[in-house]
$ cat data27.cif   # mmCIF, C-alpha atoms and all ligand atoms
data_upload
#
loop_
_atom_site.label_atom_id
_atom_site.label_comp_id
_atom_site.auth_asym_id
_atom_site.auth_seq_id
_atom_site.Cartn_x
_atom_site.Cartn_y
_atom_site.Cartn_z
CA MET A 1258 124.63 106.63 47.08
CA LEU A 1259 124.15 110.37 47.52
CA GLU A 1260 121.46 109.66 50.10
CA SER A 1261 123.73 107.37 52.11
CA LEU A 1262 126.52 109.95 52.01
CA ARG A 1263 124.11 112.59 53.25
CA MET A 1264 122.99 110.32 56.09
CA GLU A 1265 126.58 109.68 57.14
CA ASN A 1266 127.18 113.41 57.31
CA GLU A 1267 124.08 114.10 59.38
CA PRO A 1268 124.99 114.94 62.96
CA ILE A 1269 123.90 112.53 65.68
CA LYS A 1270 121.24 114.45 67.58
CA LEU A 1271 120.92 113.95 71.34
CA LEU A 1272 118.37 115.58 73.66
CA PHE A 1273 118.79 115.29 77.44
CA VAL A 1274 115.55 115.68 79.40
CA CYS A 1275 114.74 116.14 83.10
CA LEU A 1276 111.97 117.94 85.00
CA GLY A 1277 113.17 121.54 85.28
CA ASN A 1278 115.99 121.68 82.69
CA ILE A 1279 118.17 123.47 85.24
CA CYS A 1280 120.05 120.61 86.98
CA ARG A 1281 120.27 117.11 85.50
CA SER A 1282 119.65 117.65 81.77
CA PRO A 1283 121.96 120.67 81.41
CA THR A 1284 124.54 118.53 83.22
CA GLY A 1285 123.95 115.75 80.67
CA GLU A 1286 124.29 118.23 77.83
CA GLY A 1287 127.50 119.73 79.27
CA VAL A 1288 129.11 116.39 80.09
CA MET A 1289 128.31 114.98 76.65
CA ARG A 1290 129.66 118.09 74.90
CA HIS A 1291 132.81 117.71 76.99
CA LEU A 1292 133.29 114.03 76.07
CA VAL A 1293 132.57 114.63 72.39
CA ASP A 1294 135.00 117.56 72.35
CA GLU A 1295 137.66 115.48 74.06
CA ALA A 1296 137.19 112.78 71.41
CA GLY A 1297 137.52 115.37 68.59
CA LEU A 1298 133.99 114.55 67.41
CA LYS A 1299 132.22 117.86 68.01
CA HIS A 1300 131.27 118.21 64.33
CA ARG A 1301 129.40 114.90 64.40
CA PHE A 1302 126.96 115.79 67.18
CA GLU A 1303 124.10 118.13 67.93
CA ILE A 1304 123.37 118.19 71.66
CA ASP A 1305 120.65 120.01 73.61
CA SER A 1306 118.55 119.66 76.75
CA ALA A 1307 114.96 120.39 77.78
CA GLY A 1308 112.56 119.94 80.68
CA THR A 1309 109.18 118.24 80.91
CA GLY A 1310 108.00 121.06 83.21
CA SER A 1311 107.65 124.79 82.55
CA TRP A 1312 108.47 126.37 85.94
CA HIS A 1313 112.00 127.47 85.04
CA LEU A 1314 111.62 128.49 81.39
CA GLY A 1315 114.39 130.84 80.27
CA GLU A 1316 116.49 130.35 83.42
CA SER A 1317 120.19 129.53 83.40
CA PRO A 1318 121.25 126.22 84.95
CA ASP A 1319 121.18 126.00 88.76
CA ARG A 1320 124.34 127.60 90.18
CA ARG A 1321 125.06 124.44 92.21
CA SER A 1322 125.09 122.33 89.04
CA VAL A 1323 127.29 124.90 87.34
CA ALA A 1324 129.76 124.99 90.25
CA HIS A 1325 130.04 121.23 90.68
CA ALA A 1326 130.57 120.73 86.96
CA ALA A 1327 133.10 123.59 86.77
CA ALA A 1328 135.11 121.89 89.53
CA ARG A 1329 135.60 119.04 87.06
CA GLY A 1330 136.38 121.29 84.12
CA ILE A 1331 132.92 120.91 82.57
CA THR A 1332 130.95 123.93 81.35
CA ILE A 1333 127.17 124.01 81.74
CA GLY A 1334 125.13 126.74 80.07
CA GLY A 1335 122.01 127.46 78.06
CA HIS A 1336 118.52 128.48 79.09
CA ALA A 1337 115.71 126.22 80.22
CA ARG A 1338 113.12 125.26 77.65
CA GLN A 1339 110.27 122.78 77.61
CA VAL A 1340 110.39 119.65 75.49
CA SER A 1341 107.95 119.70 72.54
CA SER A 1342 106.49 117.22 70.10
CA ALA A 1343 108.77 118.69 67.38
CA ASP A 1344 111.75 117.38 69.38
CA PHE A 1345 110.61 113.84 68.65
CA ASP A 1346 111.03 114.43 64.92
CA HIS A 1347 114.34 116.23 65.23
CA TYR A 1348 116.40 114.22 67.73
CA ASP A 1349 117.72 110.67 67.33
CA TYR A 1350 117.96 109.93 71.06
CA ILE A 1351 115.76 111.49 73.76
CA LEU A 1352 117.31 110.69 77.13
CA ALA A 1353 115.20 110.75 80.29
CA ALA A 1354 116.89 111.43 83.63
CA ASP A 1355 114.30 109.47 85.66
CA ALA A 1356 111.20 107.32 85.39
CA TYR A 1357 108.84 110.32 85.78
CA ASN A 1358 110.50 112.04 82.85
CA LEU A 1359 110.26 108.81 80.84
CA ARG A 1360 106.54 108.52 81.55
CA ASP A 1361 105.92 112.18 80.65
CA LEU A 1362 107.90 111.85 77.42
CA GLN A 1363 106.04 108.69 76.46
CA ALA A 1364 102.75 110.53 77.07
CA ILE A 1365 103.59 113.31 74.58
CA ALA A 1366 105.34 111.17 71.93
CA PRO A 1367 103.42 111.78 68.68
CA THR A 1368 103.69 108.17 67.44
CA ASP A 1369 104.91 104.77 68.67
CA GLU A 1370 107.79 104.97 66.21
CA LEU A 1371 108.93 108.31 67.62
CA GLU A 1372 108.38 107.08 71.18
CA ALA A 1373 111.08 104.48 70.48
CA LYS A 1374 113.62 107.34 70.50
CA VAL A 1375 113.02 107.78 74.24
CA HIS A 1376 115.44 105.98 76.58
CA MET A 1377 116.46 106.16 80.19
CA LEU A 1378 119.88 107.85 80.06
CA ARG A 1379 121.38 105.35 82.51
CA GLU A 1380 120.41 102.43 80.24
CA PHE A 1381 123.67 103.28 78.50
CA ASP A 1382 125.79 102.93 81.65
CA PRO A 1383 127.23 99.41 81.40
CA MET A 1384 127.38 99.27 85.23
CA SER A 1385 123.71 100.18 85.77
CA THR A 1386 121.01 97.65 86.65
CA PRO A 1387 117.45 97.68 85.25
CA ASP A 1388 115.92 98.32 88.70
CA ASP A 1389 118.06 101.43 89.31
CA LEU A 1390 118.08 103.68 86.27
CA ASP A 1391 117.16 107.06 87.76
CA VAL A 1392 119.46 110.04 88.01
CA PRO A 1393 118.08 111.28 91.36
CA ASP A 1394 116.71 114.83 91.44
CA PRO A 1395 119.29 116.91 93.40
CA TYR A 1396 117.23 120.12 93.61
CA TYR A 1397 116.09 119.91 97.24
CA GLY A 1398 119.13 118.01 98.55
CA GLY A 1399 122.68 118.81 99.61
CA PRO A 1400 125.90 119.20 97.61
CA ASN A 1401 126.57 115.45 97.45
CA GLY A 1402 123.52 115.09 95.23
CA PHE A 1403 125.05 117.34 92.59
CA ASP A 1404 128.29 115.36 92.59
CA GLU A 1405 126.32 112.13 92.32
CA VAL A 1406 124.45 113.53 89.31
CA ILE A 1407 127.73 114.20 87.52
CA ASP A 1408 129.08 110.73 88.36
CA LEU A 1409 125.94 108.98 87.09
CA VAL A 1410 125.58 111.19 84.04
CA GLU A 1411 129.23 110.83 83.05
CA ALA A 1412 129.15 107.02 83.26
CA ALA A 1413 125.98 106.98 81.15
CA CYS A 1414 127.32 109.48 78.60
CA ARG A 1415 130.49 107.44 78.10
CA GLY A 1416 128.33 104.38 77.37
CA LEU A 1417 126.03 106.42 75.14
CA LEU A 1418 128.98 107.74 73.12
CA ASP A 1419 130.22 104.18 72.56
CA GLU A 1420 126.72 103.09 71.54
CA VAL A 1421 126.00 105.86 69.06
CA LEU A 1422 129.42 105.59 67.46
CA SER A 1423 128.99 101.83 67.02
CA GLN A 1424 125.58 102.50 65.37
CA LYS A 1425 126.82 105.24 63.05
CA ALA A 1426 130.51 104.39 62.74
P1 LIG B 1501 116.08 119.11 87.26
O1 LIG B 1501 115.90 119.54 88.79
O2 LIG B 1501 114.78 118.41 86.85
O3 LIG B 1501 117.22 118.19 87.32
O4 LIG B 1501 116.31 120.39 86.50
C1 LIG B 1501 114.78 120.22 89.30
C2 LIG B 1501 114.73 121.58 89.19
C3 LIG B 1501 113.65 122.27 89.74
C4 LIG B 1501 112.65 121.58 90.38
C5 LIG B 1501 112.73 120.20 90.48
C6 LIG B 1501 113.78 119.53 89.93
N1 LIG B 1501 111.57 122.28 90.96
O5 LIG B 1501 110.75 121.65 91.62
O6 LIG B 1501 111.48 123.51 90.79
#
$ encode --input "data27.cif" --output "structure tokens"
Amino acid sequence: MLESLRMENEPIKLLFVCLGNICRSPTGEGVMRHLVDEAGLKHRFEIDSAGTGSWHLGESPDRRSVAHAAARGITIGGHARQVSSADFDHYDYILAADAYNLRDLQAIAPTDELEAKVHMLREFDPMSTPDDLDVPDPYYGGPNGFDEVIDLVEAACRGLLDEVLSQKA
């Protein structure tokens, strides 16, 4: 009984992952925080982001991501860090922005059981199709790419919120 009460009070832990941890995954983190806040459920979640690569360690999110999110009232912050094997123990859901990130996460997953925590983020978008689950990398593109990232991430995060609440209601 005490154990089940403790489990119910555990936050739901979500980790958003992309390549650099300066564009897509901080956007995922910021959008999800925004949705959870809006729903009055902040206390039930722990949300972070990380990158599979190490080029941008310690950097703030890309100013283009920050500006496009801010235009929609969404705050993006934090500093880039690299995903680690300890993250597989800690987080409940590890959410890959694209198929490269998924492959890299699967390669460093300590066990098959922990690898099962890794999902494509857009799997949770009810409008997505299995052949098109990437959040495209906006880094070398124009401003439309950053808006598209927010659109795709928001649709997926809404689906993810429904999913995790139905699992842990
Ligand atoms: P992110 O975007 O993976 O969404 O953070 C990128 C950021 C930097 C680079 C590539 C993608 N880069 O090549 O430096």
$ closest_atom_pairs --input "data27.cif" --of "chain A" --to "ligand LIG 1501 (chain B)" --cutoff "12 Å" --atoms "only C-alpha atoms and all ligand atoms" --output "tab-separated table"
residue	atom	partner	partner_atom	distance
A:Phe1273	CA	B:LIG1501	O3	10.4
A:Val1274	CA	B:LIG1501	O2	8.0
A:Cys1275	CA	B:LIG1501	O2	4.4
A:Leu1276	CA	B:LIG1501	O2	3.4
A:Gly1277	CA	B:LIG1501	O4	3.6
A:Asn1278	CA	B:LIG1501	O4	4.0
A:Ile1279	CA	B:LIG1501	O4	3.8
A:Cys1280	CA	B:LIG1501	O3	3.7
A:Arg1281	CA	B:LIG1501	O3	3.7
A:Ser1282	CA	B:LIG1501	O3	6.1
A:Pro1283	CA	B:LIG1501	O4	7.6
A:Thr1284	CA	B:LIG1501	O3	8.4
A:Gly1285	CA	B:LIG1501	O3	9.8
A:Glu1286	CA	B:LIG1501	O3	11.8
A:Ser1306	CA	B:LIG1501	O4	10.0
A:Ala1307	CA	B:LIG1501	O4	8.8
A:Gly1308	CA	B:LIG1501	O2	6.7
A:Thr1309	CA	B:LIG1501	O2	8.2
A:Gly1310	CA	B:LIG1501	O2	8.1
A:Ser1311	CA	B:LIG1501	O6	9.2
A:Trp1312	CA	B:LIG1501	O6	6.4
A:His1313	CA	B:LIG1501	O6	7.0
A:Leu1314	CA	B:LIG1501	C3	10.6
A:Glu1316	CA	B:LIG1501	O4	10.4
A:Ser1317	CA	B:LIG1501	O4	10.4
A:Pro1318	CA	B:LIG1501	O4	7.8
A:Asp1319	CA	B:LIG1501	O4	7.8
A:Arg1320	CA	B:LIG1501	C2	11.4
A:Arg1321	CA	B:LIG1501	O1	10.9
A:Ser1322	CA	B:LIG1501	O3	9.1
A:Val1323	CA	B:LIG1501	O4	11.9
A:His1336	CA	B:LIG1501	O4	11.2
A:Ala1337	CA	B:LIG1501	O4	8.6
A:Arg1338	CA	B:LIG1501	O4	10.6
A:Gln1339	CA	B:LIG1501	O4	11.0
A:Ala1353	CA	B:LIG1501	O2	10.1
A:Ala1354	CA	B:LIG1501	O3	7.7
A:Asp1355	CA	B:LIG1501	O2	9.0
A:Ala1356	CA	B:LIG1501	O2	11.7
A:Tyr1357	CA	B:LIG1501	O2	10.1
A:Asn1358	CA	B:LIG1501	O2	8.7
A:Asp1391	CA	B:LIG1501	O3	11.1
A:Val1392	CA	B:LIG1501	O3	8.5
A:Pro1393	CA	B:LIG1501	O3	8.1
A:Asp1394	CA	B:LIG1501	O3	5.3
A:Pro1395	CA	B:LIG1501	O1	6.3
A:Tyr1396	CA	B:LIG1501	C1	5.0
A:Tyr1397	CA	B:LIG1501	C5	7.6
A:Gly1398	CA	B:LIG1501	C6	10.3
A:Gly1402	CA	B:LIG1501	O3	10.6
A:Phe1403	CA	B:LIG1501	O3	9.5
A:Val1406	CA	B:LIG1501	O3	8.8
A:Ile1407	CA	B:LIG1501	O3	11.2
A:Val1410	CA	B:LIG1501	O3	11.4
$ closest_residue --input "data27.cif" --among "A:Ile1333, A:Ile1304, A:Leu1359, A:Met1289" --to "Pro1268 (chain A)" --atoms "only C-alpha atoms"
A:Ile1304
$ atom_distance --input "data27.cif" --atom1 "CA of His1300 (chain A)" --atom2 "CA of Lys1270 (chain A)"
11.2 Å
$ closest_residue --input "data27.cif" --among "A:Ala1366, A:Leu1271, A:Val1293, A:Leu1422" --to "His1347 (chain A)" --atoms "only C-alpha atoms"
A:Leu1271
$ residues_around --input "data27.cif" --residues "Glu1380 (chain A)" --least-positions-apart "4" --cutoff "9 Å" --atoms "all atoms listed in the file" --output "list of chain:residue names"
A:His1376, A:Ser1385, A:Thr1386, A:Pro1387, A:Leu1390, A:Ala1413, A:Gly1416, A:Leu1417
$ atom_distance --input "data27.cif" --atom1 "CA of Ala1373 (chain A)" --atom2 "CA of Arg1360 (chain A)"
12.6 Å
$ residues_near_point --input "data27.cif" --point "(129.8, 115.8, 96.1)" --cutoff "6 Å" --atoms "all atoms listed in the file" --output "list in words"
Pro1400, Asn1401 and Asp1404 of chain A
$ atom_distance --input "data27.cif" --atom1 "CA of Ser1423 (chain A)" --atom2 "CA of Thr1332 (chain A)"
26.4 Å
$ closest_residue --input "data27.cif" --among "A:His1291, A:Glu1405, A:Asp1369, A:Met1377" --to "Ala1327 (chain A)" --atoms "only C-alpha atoms"
A:His1291
$ residues_around --input "data27.cif" --residues "Phe1345 (chain A)" --least-positions-apart "3" --cutoff "7 Å" --atoms "all atoms listed in the file" --output "NGL selection string"
:A and (1342 or 1348 or 1366 or 1371)
